[in-house]
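Shown here: final25.cif, mmCIF, C-alpha atoms.
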data_data
#
loop_
_atom_site.label_atom_id
_atom_site.label_comp_id
_atom_site.auth_asym_id
_atom_site.auth_seq_id
_atom_site.Cartn_x
_atom_site.Cartn_y
_atom_site.Cartn_z
CA MET A 1 0.00 0.00 0.00
CA LEU A 2 1.19 3.47 -0.85
CA ASP A 3 0.00 5.07 2.36
CA ARG A 4 2.30 3.00 4.54
CA ASP A 5 5.70 4.08 5.76
CA GLU A 6 6.80 0.51 6.31
CA ASP A 7 9.74 0.46 3.91
CA ILE A 8 10.92 3.84 5.14
CA LEU A 9 11.50 2.81 8.76
CA LYS A 10 12.87 -0.53 7.65
CA ALA A 11 15.33 1.28 5.37
CA ALA A 12 16.28 3.62 8.22
CA GLU A 13 17.22 0.64 10.36
CA ASP A 14 18.97 -1.23 7.55
CA TRP A 15 21.02 1.78 6.43
CA GLN A 16 22.02 2.60 9.99
CA LYS A 17 23.14 -0.96 10.60
CA ALA A 18 25.11 -0.90 7.34
CA GLY A 19 27.13 1.96 8.83
CA HIS A 20 25.48 4.92 7.11
CA GLY A 21 24.65 8.23 8.71
CA VAL A 22 20.84 8.38 8.56
CA ALA A 23 18.24 11.07 9.20
CA LEU A 24 14.48 10.86 9.39
CA ALA A 25 12.22 13.77 8.37
CA THR A 26 8.60 13.66 9.55
CA VAL A 27 5.68 15.99 8.87
CA VAL A 28 4.48 17.01 12.35
CA GLU A 29 1.99 19.74 11.51
CA THR A 30 0.06 20.91 8.50
CA TRP A 31 -2.21 23.84 7.72
CA GLY A 32 -4.31 24.40 4.63
CA SER A 33 -4.09 22.03 1.73
CA ALA A 34 -0.83 20.35 2.63
CA PRO A 35 -0.05 17.53 0.23
CA ARG A 36 0.89 14.88 2.80
CA PRO A 37 -0.60 14.36 6.26
CA ALA A 38 1.19 14.56 9.62
CA GLY A 39 3.21 11.41 10.17
CA SER A 40 4.43 11.20 6.56
CA SER A 41 8.14 10.67 6.52
CA LEU A 42 11.28 10.60 4.48
CA VAL A 43 14.52 8.83 5.28
CA ILE A 44 17.87 10.05 4.00
CA ASN A 45 21.35 8.57 4.22
CA ASP A 46 24.74 10.27 4.07
CA GLU A 47 25.03 9.50 0.36
CA GLY A 48 21.93 11.56 -0.32
CA THR A 49 19.78 8.53 -1.12
CA PHE A 50 16.26 9.03 0.16
CA LEU A 51 12.95 7.17 0.36
CA GLY A 52 9.46 8.43 1.08
CA SER A 53 8.08 11.95 0.97
CA VAL A 54 6.93 14.84 3.14
CA SER A 55 5.15 16.76 0.38
CA GLY A 56 4.10 16.10 -3.15
CA GLY A 57 7.74 16.42 -4.17
CA CYS A 58 7.96 20.20 -3.80
CA VAL A 59 10.16 20.58 -0.70
CA GLU A 60 12.06 17.29 -0.66
CA GLY A 61 15.19 18.87 -2.13
CA ALA A 62 15.40 21.41 0.70
CA VAL A 63 14.64 18.75 3.32
CA VAL A 64 17.43 16.51 2.05
CA THR A 65 19.93 19.38 2.25
CA GLU A 66 18.92 20.16 5.86
CA ALA A 67 18.98 16.46 6.73
CA MET A 68 22.61 16.24 5.62
CA ASP A 69 23.44 18.92 8.24
CA VAL A 70 21.47 17.02 10.88
CA ILE A 71 23.42 13.83 10.13
CA GLN A 72 26.61 15.83 10.68
CA SER A 73 25.57 17.70 13.83
CA GLY A 74 23.30 15.08 15.40
CA LYS A 75 20.97 17.89 16.50
CA PRO A 76 17.28 17.68 15.57
CA ARG A 77 15.79 20.59 13.64
CA MET A 78 12.31 21.87 12.86
CA LEU A 79 11.70 23.15 9.34
CA GLU A 80 8.73 25.11 8.19
CA PHE A 81 7.55 25.54 4.64
CA GLY A 82 4.61 27.58 3.51
CA VAL A 83 3.38 30.14 1.07
CA ALA A 84 3.87 32.97 3.55
CA ASP A 85 7.55 32.17 3.60
CA GLU A 86 9.57 33.33 0.66
CA THR A 87 12.01 30.43 0.84
CA ALA A 88 9.10 28.05 0.77
CA TRP A 89 7.70 29.81 -2.24
CA ASN A 90 11.07 29.41 -3.90
CA VAL A 91 11.23 25.70 -3.17
CA GLY A 92 7.75 25.47 -4.56
CA LEU A 93 5.11 24.60 -1.97
CA SER A 94 2.66 26.34 -4.25
CA CYS A 95 -0.25 24.12 -3.33
CA GLY A 96 -1.35 26.65 -0.70
CA GLY A 97 -0.41 24.76 2.45
CA THR A 98 2.07 25.12 5.26
CA ILE A 99 3.95 22.20 6.77
CA ARG A 100 6.36 21.73 9.66
CA VAL A 101 8.91 18.99 9.27
CA PHE A 102 10.92 17.53 12.15
CA VAL A 103 14.34 16.28 11.09
CA GLU A 104 16.29 13.97 13.42
CA LYS A 105 19.31 11.78 13.24
CA VAL A 106 18.82 8.01 13.55
CA GLY A 107 21.07 6.20 16.01
CA MET B 108 15.60 8.55 16.86
CA LYS B 109 17.55 6.10 18.98
CA LEU B 110 18.31 2.85 17.24
CA GLU B 111 16.70 0.83 20.07
CA ILE B 112 13.43 2.73 19.61
CA LEU B 113 13.54 2.29 15.84
CA HIS B 114 14.23 -1.41 16.24
CA GLU B 115 11.41 -1.84 18.75
CA LEU B 116 9.02 0.11 16.52
CA ASN B 117 9.85 -2.02 13.50
CA ALA B 118 9.31 -5.18 15.56
CA GLU B 119 5.86 -3.96 16.70
CA ARG B 120 4.91 -3.11 13.14
CA ALA B 121 6.09 -6.45 11.80
CA ALA B 122 3.89 -8.12 14.43
CA ARG B 123 0.90 -5.94 13.40
CA GLN B 124 0.79 -4.39 16.87
CA PRO B 125 -0.16 -0.70 17.04
CA ALA B 126 2.18 1.78 18.71
CA ILE B 127 2.61 5.54 19.01
CA LEU B 128 5.94 7.34 18.96
CA VAL B 129 5.85 10.40 21.22
CA THR B 130 8.38 13.11 20.31
CA ASP B 131 9.08 16.30 22.24
CA THR B 132 9.70 18.44 19.17
CA GLU B 133 11.75 20.98 21.11
CA SER B 134 14.19 18.71 22.92
CA GLY B 135 14.01 15.84 20.45
CA GLU B 136 13.30 13.42 23.33
CA GLN B 137 11.30 10.36 22.33
CA ARG B 138 9.50 7.37 23.72
CA LEU B 139 7.54 4.57 22.15
CA VAL B 140 4.22 3.59 23.69
CA LYS B 141 2.81 0.23 22.66
CA ALA B 142 -0.97 0.00 22.46
CA ARG B 143 -1.03 -2.62 25.22
CA ASP B 144 0.59 -0.05 27.55
CA PHE B 145 -1.77 2.85 26.76
CA ALA B 146 -3.97 2.24 29.81
CA ARG B 147 -1.20 3.13 32.26
CA ASP B 148 0.20 6.06 30.30
CA PRO B 149 -0.36 9.65 31.45
CA LEU B 150 -1.30 10.55 27.85
CA ARG B 151 -3.79 7.68 27.52
CA ALA B 152 -6.76 9.83 26.44
CA GLU B 153 -4.77 11.43 23.61
CA LEU B 154 -3.13 8.14 22.64
CA ASP B 155 -6.48 6.32 22.48
CA LYS B 156 -8.03 9.07 20.40
CA GLN B 157 -5.22 9.32 17.86
CA LEU B 158 -4.96 5.56 17.45
CA ARG B 159 -8.70 5.24 16.92
CA MET B 160 -8.59 7.93 14.25
CA GLY B 161 -5.43 6.44 12.80
CA LYS B 162 -4.08 9.98 12.72
CA SER B 163 -0.75 11.43 13.78
CA ALA B 164 -0.94 14.88 15.40
CA SER B 165 0.80 17.47 17.53
CA VAL B 166 -0.60 17.98 21.03
CA GLU B 167 0.31 20.10 24.07
CA ALA B 168 0.71 18.37 27.39
CA GLY B 169 2.36 19.54 30.59
CA GLY B 170 3.67 22.65 28.84
CA LYS B 171 5.40 20.52 26.21
CA LYS B 172 4.74 20.32 22.51
CA LEU B 173 4.52 16.69 21.63
CA PHE B 174 4.12 14.98 18.30
CA LEU B 175 2.21 11.70 18.41
CA ASN B 176 3.12 9.58 15.41
CA VAL B 177 0.63 6.75 15.04
CA TYR B 178 1.74 3.41 13.65
CA ALA B 179 -1.37 1.29 13.15
CA PRO B 180 -1.34 -1.89 11.11
CA THR B 181 -3.06 -1.72 7.74
CA ALA B 182 -6.59 -2.99 8.22
CA LYS B 183 -7.46 -6.21 6.44
CA LEU B 184 -10.78 -7.29 5.04
CA VAL B 185 -11.50 -10.99 4.63
CA ILE B 186 -14.54 -11.69 2.48
CA VAL B 187 -15.90 -15.22 2.68
CA GLY B 188 -18.00 -15.73 -0.42
CA ALA B 189 -16.99 -14.77 -3.95
CA VAL B 190 -20.51 -13.57 -4.74
CA HIS B 191 -21.84 -10.59 -6.67
CA ILE B 192 -21.74 -8.29 -3.60
CA SER B 193 -18.09 -9.25 -3.09
CA GLN B 194 -17.24 -8.17 -6.63
CA ALA B 195 -18.32 -4.66 -5.64
CA LEU B 196 -17.05 -4.87 -2.05
CA ALA B 197 -13.47 -5.96 -2.79
CA PRO B 198 -12.43 -2.99 -4.97
CA LEU B 199 -14.32 -0.54 -2.74
CA ALA B 200 -12.53 -1.80 0.39
CA ARG B 201 -9.23 -1.64 -1.40
CA SER B 202 -9.81 2.00 -2.35
CA LEU B 203 -10.37 2.67 1.36
CA GLY B 204 -6.92 1.26 2.14
CA TYR B 205 -7.76 -2.30 3.22
CA ASP B 206 -5.75 -5.36 2.26
CA VAL B 207 -8.48 -7.54 0.80
CA THR B 208 -8.69 -11.33 0.42
CA VAL B 209 -11.64 -13.29 -0.94
CA VAL B 210 -12.22 -16.87 0.17
CA ASP B 211 -14.64 -19.30 -1.48
CA PRO B 212 -14.18 -23.06 -2.05
CA ARG B 213 -16.49 -22.93 -5.07
CA THR B 214 -14.12 -22.40 -7.98
CA ALA B 215 -16.93 -21.22 -10.25
CA PHE B 216 -17.32 -18.25 -7.89
CA ALA B 217 -13.69 -17.69 -6.90
CA SER B 218 -12.38 -17.10 -10.39
CA PRO B 219 -9.82 -14.46 -11.39
CA GLU B 220 -12.14 -13.34 -14.21
CA ARG B 221 -14.70 -12.30 -11.61
CA PHE B 222 -12.07 -10.76 -9.30
CA PRO B 223 -9.28 -9.24 -11.34
CA ASP B 224 -6.26 -8.27 -9.15
CA ILE B 225 -7.87 -9.41 -5.87
CA PRO B 226 -6.13 -12.19 -3.90
CA LEU B 227 -8.42 -15.23 -4.05
CA VAL B 228 -8.28 -18.45 -2.04
CA ALA B 229 -10.45 -21.22 -3.54
CA GLU B 230 -10.37 -23.44 -0.43
CA TRP B 231 -12.70 -24.30 2.44
CA PRO B 232 -12.43 -21.91 5.41
CA ASP B 233 -10.60 -24.48 7.56
CA THR B 234 -7.74 -24.54 5.06
CA ALA B 235 -7.98 -21.01 3.68
CA LEU B 236 -8.25 -18.94 6.86
CA PRO B 237 -5.37 -19.96 9.18
CA PRO B 238 -2.61 -18.69 6.82
CA LEU B 239 -4.35 -15.31 6.45
CA ASN B 240 -3.42 -14.28 10.01
CA VAL B 241 -6.83 -12.89 10.77
CA ASP B 242 -6.42 -10.52 13.76
CA ALA B 243 -7.93 -7.63 15.71
CA TYR B 244 -7.16 -5.32 12.76
CA THR B 245 -9.24 -7.45 10.44
CA ALA B 246 -12.81 -6.87 9.33
CA PHE B 247 -14.49 -10.15 8.49
CA VAL B 248 -17.59 -10.66 6.38
CA ALA B 249 -19.38 -13.90 5.52
CA VAL B 250 -21.65 -13.54 2.53
CA THR B 251 -22.04 -16.97 0.90
CA HIS B 252 -25.49 -17.67 2.39
CA ASP B 253 -24.26 -21.27 2.74
CA PRO B 254 -23.92 -22.46 6.36
CA LYS B 255 -21.32 -25.05 5.36
CA ILE B 256 -19.01 -22.18 4.39
CA ASP B 257 -20.15 -19.24 6.53
CA ASP B 258 -20.42 -21.03 9.89
CA PRO B 259 -16.84 -22.35 10.21
CA ALA B 260 -15.59 -19.00 8.89
CA LEU B 261 -17.50 -17.12 11.60
CA LEU B 262 -16.15 -19.42 14.31
CA HIS B 263 -12.65 -18.58 13.13
CA ALA B 264 -13.44 -14.83 13.21
CA PHE B 265 -14.66 -15.11 16.85
CA GLU B 266 -11.48 -16.85 17.85
CA ARG B 267 -9.28 -14.17 16.25
CA ASN B 268 -11.16 -11.26 17.79
CA CYS B 269 -11.83 -9.40 14.54
CA PHE B 270 -12.79 -5.75 15.08
CA TYR B 271 -15.79 -6.23 12.81
CA ILE B 272 -17.75 -9.35 11.96
CA GLY B 273 -20.68 -9.20 9.57
CA ALA B 274 -22.87 -11.85 7.98
CA LEU B 275 -25.41 -11.64 5.19
CA GLY B 276 -28.97 -12.70 5.86
CA SER B 277 -32.29 -11.50 7.24
CA ARG B 278 -33.11 -11.48 10.95
CA LYS B 279 -34.79 -14.86 10.50
CA THR B 280 -31.77 -16.36 8.76
CA HIS B 281 -29.57 -14.86 11.44
CA ALA B 282 -31.63 -16.36 14.26
CA LYS B 283 -31.17 -19.82 12.71
CA ARG B 284 -27.48 -19.12 12.27
CA GLY B 285 -27.23 -18.23 15.96
CA ASP B 286 -28.78 -21.61 16.89
CA ARG B 287 -26.35 -23.49 14.67
CA LEU B 288 -23.31 -21.62 16.00
CA ARG B 289 -24.39 -22.23 19.61
CA THR B 290 -24.45 -25.97 19.01
CA GLN B 291 -20.91 -25.67 17.65
CA GLY B 292 -19.73 -24.07 20.88
CA ALA B 293 -20.01 -20.33 20.13
CA ARG B 294 -20.67 -18.14 23.16
CA GLU B 295 -23.63 -15.76 23.37
CA SER B 296 -21.18 -12.84 23.40
CA ASP B 297 -19.63 -14.10 20.15
CA ILE B 298 -22.97 -14.31 18.39
CA ALA B 299 -23.87 -10.85 19.64
CA ARG B 300 -20.80 -9.50 17.88
CA ILE B 301 -22.11 -10.42 14.42
CA HIS B 302 -23.54 -7.50 12.49
CA ALA B 303 -26.60 -9.00 10.84
CA PRO B 304 -28.38 -7.99 8.74
CA ILE B 305 -25.03 -6.75 7.45
CA GLY B 306 -24.35 -3.07 6.68
CA LEU B 307 -25.87 0.25 7.73
CA ALA B 308 -29.55 0.64 6.93
CA ILE B 309 -29.33 2.99 3.95
CA GLY B 310 -31.91 1.26 1.79
CA ALA B 311 -29.22 -0.40 -0.33
CA VAL B 312 -30.57 -2.45 -3.24
CA SER B 313 -27.83 -3.20 -5.78
CA PRO B 314 -24.66 -5.16 -4.92
CA SER B 315 -22.64 -1.92 -5.13
CA GLU B 316 -24.98 -0.13 -2.74
CA ILE B 317 -24.82 -3.06 -0.31
CA ALA B 318 -21.03 -2.85 -0.56
CA VAL B 319 -21.23 0.85 0.40
CA SER B 320 -23.47 0.06 3.38
CA ILE B 321 -21.04 -2.66 4.56
CA MET B 322 -17.99 -0.41 4.26
CA ALA B 323 -19.86 2.42 6.00
CA GLU B 324 -20.62 0.09 8.91
CA ILE B 325 -17.03 -1.17 9.07
CA THR B 326 -15.77 2.44 9.04
CA ALA B 327 -18.12 3.37 11.89
CA VAL B 328 -16.94 0.43 13.99
CA LEU B 329 -13.30 1.25 13.26
CA ARG B 330 -13.42 4.99 13.88
CA LEU B 331 -16.23 5.95 16.27
CA PRO B 332 -15.55 6.05 20.00
CA PRO B 333 -17.37 3.19 21.86
CA LYS B 334 -20.32 5.31 23.05
CA GLU B 335 -21.21 6.84 19.67
CA LYS B 336 -20.74 3.42 18.14
CA GLU B 337 -23.59 2.09 20.25
CA GLU B 338 -25.79 4.97 19.16
CA ALA B 339 -25.05 4.43 15.47
CA ALA B 340 -25.81 0.71 15.65
#

Could you render the structure from this file as structure tokens?
Amino acid sequence: MLDRDEDILKAAEDWQKAGHGVALATVVETWGSAPRPAGSSLVINDEGTFLGSVSGGCVEGAVVTEAMDVIQSGKPRMLEFGVADETAWNVGLSCGGTIRVFVEKVG
Amino acid sequence: MKLEILHELNAERAARQPAILVTDTESGEQRLVKARDFARDPLRAELDKQLRMGKSASVEAGGKKLFLNVYAPTAKLVIVGAVHISQALAPLARSLGYDVTVVDPRTAFASPERFPDIPLVAEWPDTALPPLNVDAYTAFVAVTHDPKIDDPALLHAFERNCFYIGALGSRKTHAKRGDRLRTQGARESDIARIHAPIGLAIGAVSPSEIAVSIMAEITAVLRLPPKEKEEAA
């Protein structure tokens, strides 16, 4: 099923065990017509490989970049994307919603 | 996320056991609460509500901003009887996110031509059901109208504590079914769990409309809190 995050968490565990730096990004809040509900997640490893999504594809690029920093620093980070925010507009969340994404290191 | 928590969460999910990951989004602190431990958790009301809705959400508790990430198993629907209603019910349930399996020993009914893309098991319930891992996240419907098939299937559903059990047939048919099941060792409380006549009373006539009434009833049982559930029934 497409609405399950099964493979994502499995991949997070597998990548971590294989010795990769891994981060998990999770939608924790949404307003307006956000493309993916709270709980949707994306897993990224230190090679930039990622699985899953936190939006319809519009902010994933920015999330991956931030996640790389989180893998380095080990400190969790809250990201916010929305139309009121110029950066968000630039990365293209044009669907009229706002989302907050929690990015944390795994392990 | 700590590796131990991730590992534990993946194990719960593999076992089809619901759990909620609670994250303090400011400090990054996390804990995993398994559904069987909800009752003794300080957040039990919130945990119960979010799990029932199958919805992850941010909440405020004790001055902290917490994110409750719900991991509920995908609901299954087992349909015993590859009849006309099932041809409408299977794709409808699938569009609602259920993993659907159709069981019917009569190969003329359980044919891939009648059920394209739906997993079919053309075996008697005693053989077909045990490998399906019917559990508390399974809705179970018996619609063959044939006691030889429906009765053993229903006994299996009682044993596995399905969250919804429905059976086709009028009140009269259902009363007879109750008598038969009793003689086969079913408890009164088991028989009371069967939704029969099946489906919400919406005046459904066609197989597709009956499928809608069945899925509406299953949705109500899955999502409504216990009190409102009684009122809807």

What's around segment 286-295 of chain B at 10 Å? Count all atoms listed in the file, leave out sequence neighbours fewer than 5 positions away in its own chain, and write the answer as a list in words. Pro254, Asp258, Pro259, Leu261, Leu262, Phe265, Glu266, His281 and Arg300 of chain B

Store the residues picked out above, limited to C-alpha atoms, as a PDB file, keeping the file's coordinate frame.
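Output file result_39.pdb follows:
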ATOM      1  CA  PRO B 254     -23.920 -22.460   6.360  1.00  0.00           C
ATOM      2  CA  ASP B 258     -20.420 -21.030   9.890  1.00  0.00           C
ATOM      3  CA  PRO B 259     -16.840 -22.350  10.210  1.00  0.00           C
ATOM      4  CA  LEU B 261     -17.500 -17.120  11.600  1.00  0.00           C
ATOM      5  CA  LEU B 262     -16.150 -19.420  14.310  1.00  0.00           C
ATOM      6  CA  PHE B 265     -14.660 -15.110  16.850  1.00  0.00           C
ATOM      7  CA  GLU B 266     -11.480 -16.850  17.850  1.00  0.00           C
ATOM      8  CA  HIS B 281     -29.570 -14.860  11.440  1.00  0.00           C
ATOM      9  CA  ARG B 300     -20.800  -9.500  17.880  1.00  0.00           C
TER      10      ARG B 300
END

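Here atom CA of Ile256 of chain B is placed at a distance of 24.1 Å from atom CA of Val312 of chain B.
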
Within 12 Å of (-14.5, -20.0, 3.0), only C-alpha atoms: residues as a PDB file with C-alpha atoms, in the coordinates of the input?
ATOM      1  CA  VAL B 185     -11.500 -10.990   4.630  1.00  0.00           C
ATOM      2  CA  ILE B 186     -14.540 -11.690   2.480  1.00  0.00           C
ATOM      3  CA  VAL B 187     -15.900 -15.220   2.680  1.00  0.00           C
ATOM      4  CA  GLY B 188     -18.000 -15.730  -0.420  1.00  0.00           C
ATOM      5  CA  ALA B 189     -16.990 -14.770  -3.950  1.00  0.00           C
ATOM      6  CA  VAL B 190     -20.510 -13.570  -4.740  1.00  0.00           C
ATOM      7  CA  THR B 208      -8.690 -11.330   0.420  1.00  0.00           C
ATOM      8  CA  VAL B 209     -11.640 -13.290  -0.940  1.00  0.00           C
ATOM      9  CA  VAL B 210     -12.220 -16.870   0.170  1.00  0.00           C
ATOM     10  CA  ASP B 211     -14.640 -19.300  -1.480  1.00  0.00           C
ATOM     11  CA  PRO B 212     -14.180 -23.060  -2.050  1.00  0.00           C
ATOM     12  CA  ARG B 213     -16.490 -22.930  -5.070  1.00  0.00           C
ATOM     13  CA  THR B 214     -14.120 -22.400  -7.980  1.00  0.00           C
ATOM     14  CA  PHE B 216     -17.320 -18.250  -7.890  1.00  0.00           C
ATOM     15  CA  ALA B 217     -13.690 -17.690  -6.900  1.00  0.00           C
ATOM     16  CA  LEU B 227      -8.420 -15.230  -4.050  1.00  0.00           C
ATOM     17  CA  VAL B 228      -8.280 -18.450  -2.040  1.00  0.00           C
ATOM     18  CA  ALA B 229     -10.450 -21.220  -3.540  1.00  0.00           C
ATOM     19  CA  GLU B 230     -10.370 -23.440  -0.430  1.00  0.00           C
ATOM     20  CA  TRP B 231     -12.700 -24.300   2.440  1.00  0.00           C
ATOM     21  CA  PRO B 232     -12.430 -21.910   5.410  1.00  0.00           C
ATOM     22  CA  ASP B 233     -10.600 -24.480   7.560  1.00  0.00           C
ATOM     23  CA  THR B 234      -7.740 -24.540   5.060  1.00  0.00           C
ATOM     24  CA  ALA B 235      -7.980 -21.010   3.680  1.00  0.00           C
ATOM     25  CA  LEU B 236      -8.250 -18.940   6.860  1.00  0.00           C
ATOM     26  CA  PRO B 237      -5.370 -19.960   9.180  1.00  0.00           C
ATOM     27  CA  LEU B 239      -4.350 -15.310   6.450  1.00  0.00           C
ATOM     28  CA  PHE B 247     -14.490 -10.150   8.490  1.00  0.00           C
ATOM     29  CA  VAL B 248     -17.590 -10.660   6.380  1.00  0.00           C
ATOM     30  CA  ALA B 249     -19.380 -13.900   5.520  1.00  0.00           C
ATOM     31  CA  VAL B 250     -21.650 -13.540   2.530  1.00  0.00           C
ATOM     32  CA  THR B 251     -22.040 -16.970   0.900  1.00  0.00           C
ATOM     33  CA  HIS B 252     -25.490 -17.670   2.390  1.00  0.00           C
ATOM     34  CA  ASP B 253     -24.260 -21.270   2.740  1.00  0.00           C
ATOM     35  CA  PRO B 254     -23.920 -22.460   6.360  1.00  0.00           C
ATOM     36  CA  LYS B 255     -21.320 -25.050   5.360  1.00  0.00           C
ATOM     37  CA  ILE B 256     -19.010 -22.180   4.390  1.00  0.00           C
ATOM     38  CA  ASP B 257     -20.150 -19.240   6.530  1.00  0.00           C
ATOM     39  CA  ASP B 258     -20.420 -21.030   9.890  1.00  0.00           C
ATOM     40  CA  PRO B 259     -16.840 -22.350  10.210  1.00  0.00           C
ATOM     41  CA  ALA B 260     -15.590 -19.000   8.890  1.00  0.00           C
ATOM     42  CA  LEU B 261     -17.500 -17.120  11.600  1.00  0.00           C
ATOM     43  CA  LEU B 262     -16.150 -19.420  14.310  1.00  0.00           C
ATOM     44  CA  HIS B 263     -12.650 -18.580  13.130  1.00  0.00           C
ATOM     45  CA  ALA B 264     -13.440 -14.830  13.210  1.00  0.00           C
TER      46      ALA B 264
END

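Taking atom CA of Ala62 of chain A and atom CA of Glu29 of chain A as the two end points, the separation is 17.3 Å.
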
Distance table requested - chain A against chain B, cut-off 7 Å, all atoms listed in the file: one row per qualifying residue with the closest atom pair and its distance in Å to one decimal, ordered by chain and rising residue number, as a Markdown table.
| residue | atom | partner | partner_atom | distance |
| --- | --- | --- | --- | --- |
| A:Leu9 | CA | B:Asn117 | CA | 7.0 |
| A:Lys10 | CA | B:Asn117 | CA | 6.8 |
| A:Glu13 | CA | B:Leu113 | CA | 6.8 |
| A:Val28 | CA | B:Phe174 | CA | 6.3 |
| A:Glu29 | CA | B:Ser165 | CA | 6.5 |
| A:Ala38 | CA | B:Ser163 | CA | 5.6 |
| A:Gly39 | CA | B:Ser163 | CA | 5.4 |
| A:Pro76 | CA | B:Gly135 | CA | 6.2 |
| A:Glu104 | CA | B:Met108 | CA | 6.5 |
| A:Lys105 | CA | B:Met108 | CA | 6.1 |
| A:Val106 | CA | B:Met108 | CA | 4.6 |
| A:Gly107 | CA | B:Leu110 | CA | 4.5 |

So what do you get for atom CA of Ile99 of chain A versus atom CA of Gly32 of chain A, distance-wise? 8.8 Å

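Take the PyMOL selection byres ((chain A and resi 24) around 7) and apply it to this file: it picks Val22, Ala23, Ala25, Thr26, Ser41, Leu42, Val43, Ile44, Val103, Glu104, Lys105 and Val106 of chain A.
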
Could you check which of B:Leu275, B:Ala197, B:Gln124, B:Ala318 is closest to Pro223 of chain B, using only C-alpha atoms?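 Answer, going by the shortest atom-to-atom distance: B:Ala197.
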
How would segment 228-245 of chain B read, as a PDB file, keeping the file's coordinate frame, once N, CA and C atoms are built in?
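The result, written out as selection.pdb:
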ATOM      1  N   VAL B 228      -8.660 -17.124  -2.539  1.00  0.00           N
ATOM      2  CA  VAL B 228      -8.280 -18.450  -2.040  1.00  0.00           C
ATOM      3  C   VAL B 228      -9.467 -19.375  -2.267  1.00  0.00           C
ATOM      4  N   ALA B 229      -9.344 -20.309  -3.225  1.00  0.00           N
ATOM      5  CA  ALA B 229     -10.450 -21.220  -3.540  1.00  0.00           C
ATOM      6  C   ALA B 229     -10.316 -22.488  -2.700  1.00  0.00           C
ATOM      7  N   GLU B 230     -10.471 -22.319  -1.380  1.00  0.00           N
ATOM      8  CA  GLU B 230     -10.370 -23.440  -0.430  1.00  0.00           C
ATOM      9  C   GLU B 230     -11.480 -23.287   0.602  1.00  0.00           C
ATOM     10  N   TRP B 231     -11.748 -24.367   1.330  1.00  0.00           N
ATOM     11  CA  TRP B 231     -12.700 -24.300   2.440  1.00  0.00           C
ATOM     12  C   TRP B 231     -12.089 -23.464   3.571  1.00  0.00           C
ATOM     13  N   PRO B 232     -12.937 -22.795   4.357  1.00  0.00           N
ATOM     14  CA  PRO B 232     -12.430 -21.910   5.410  1.00  0.00           C
ATOM     15  C   PRO B 232     -11.361 -22.549   6.313  1.00  0.00           C
ATOM     16  N   ASP B 233     -11.547 -23.831   6.643  1.00  0.00           N
ATOM     17  CA  ASP B 233     -10.600 -24.480   7.560  1.00  0.00           C
ATOM     18  C   ASP B 233      -9.181 -24.481   7.010  1.00  0.00           C
ATOM     19  N   THR B 234      -9.047 -24.551   5.699  1.00  0.00           N
ATOM     20  CA  THR B 234      -7.740 -24.540   5.060  1.00  0.00           C
ATOM     21  C   THR B 234      -7.322 -23.113   4.706  1.00  0.00           C
ATOM     22  N   ALA B 235      -8.298 -22.339   4.211  1.00  0.00           N
ATOM     23  CA  ALA B 235      -7.980 -21.010   3.680  1.00  0.00           C
ATOM     24  C   ALA B 235      -7.637 -19.989   4.766  1.00  0.00           C
ATOM     25  N   LEU B 236      -8.352 -20.041   5.907  1.00  0.00           N
ATOM     26  CA  LEU B 236      -8.250 -18.940   6.860  1.00  0.00           C
ATOM     27  C   LEU B 236      -6.981 -18.915   7.726  1.00  0.00           C
ATOM     28  N   PRO B 237      -6.527 -20.061   8.281  1.00  0.00           N
ATOM     29  CA  PRO B 237      -5.370 -19.960   9.180  1.00  0.00           C
ATOM     30  C   PRO B 237      -4.150 -19.210   8.606  1.00  0.00           C
ATOM     31  N   PRO B 238      -3.785 -19.418   7.317  1.00  0.00           N
ATOM     32  CA  PRO B 238      -2.610 -18.690   6.820  1.00  0.00           C
ATOM     33  C   PRO B 238      -2.830 -17.185   6.630  1.00  0.00           C
ATOM     34  N   LEU B 239      -4.083 -16.736   6.698  1.00  0.00           N
ATOM     35  CA  LEU B 239      -4.350 -15.310   6.450  1.00  0.00           C
ATOM     36  C   LEU B 239      -4.042 -14.428   7.660  1.00  0.00           C
ATOM     37  N   ASN B 240      -3.705 -15.036   8.792  1.00  0.00           N
ATOM     38  CA  ASN B 240      -3.420 -14.280  10.010  1.00  0.00           C
ATOM     39  C   ASN B 240      -4.498 -13.254  10.341  1.00  0.00           C
ATOM     40  N   VAL B 241      -5.698 -13.725  10.386  1.00  0.00           N
ATOM     41  CA  VAL B 241      -6.830 -12.890  10.770  1.00  0.00           C
ATOM     42  C   VAL B 241      -6.585 -12.399  12.201  1.00  0.00           C
ATOM     43  N   ASP B 242      -6.726 -11.069  12.433  1.00  0.00           N
ATOM     44  CA  ASP B 242      -6.420 -10.520  13.760  1.00  0.00           C
ATOM     45  C   ASP B 242      -7.378  -9.388  14.132  1.00  0.00           C
ATOM     46  N   ALA B 243      -7.052  -8.683  15.205  1.00  0.00           N
ATOM     47  CA  ALA B 243      -7.930  -7.630  15.710  1.00  0.00           C
ATOM     48  C   ALA B 243      -7.987  -6.423  14.760  1.00  0.00           C
ATOM     49  N   TYR B 244      -7.096  -6.369  13.773  1.00  0.00           N
ATOM     50  CA  TYR B 244      -7.160  -5.320  12.760  1.00  0.00           C
ATOM     51  C   TYR B 244      -7.770  -5.844  11.467  1.00  0.00           C
ATOM     52  N   THR B 245      -8.586  -6.870  11.607  1.00  0.00           N
ATOM     53  CA  THR B 245      -9.240  -7.450  10.440  1.00  0.00           C
ATOM     54  C   THR B 245     -10.758  -7.287  10.562  1.00  0.00           C
TER      55      THR B 245
END
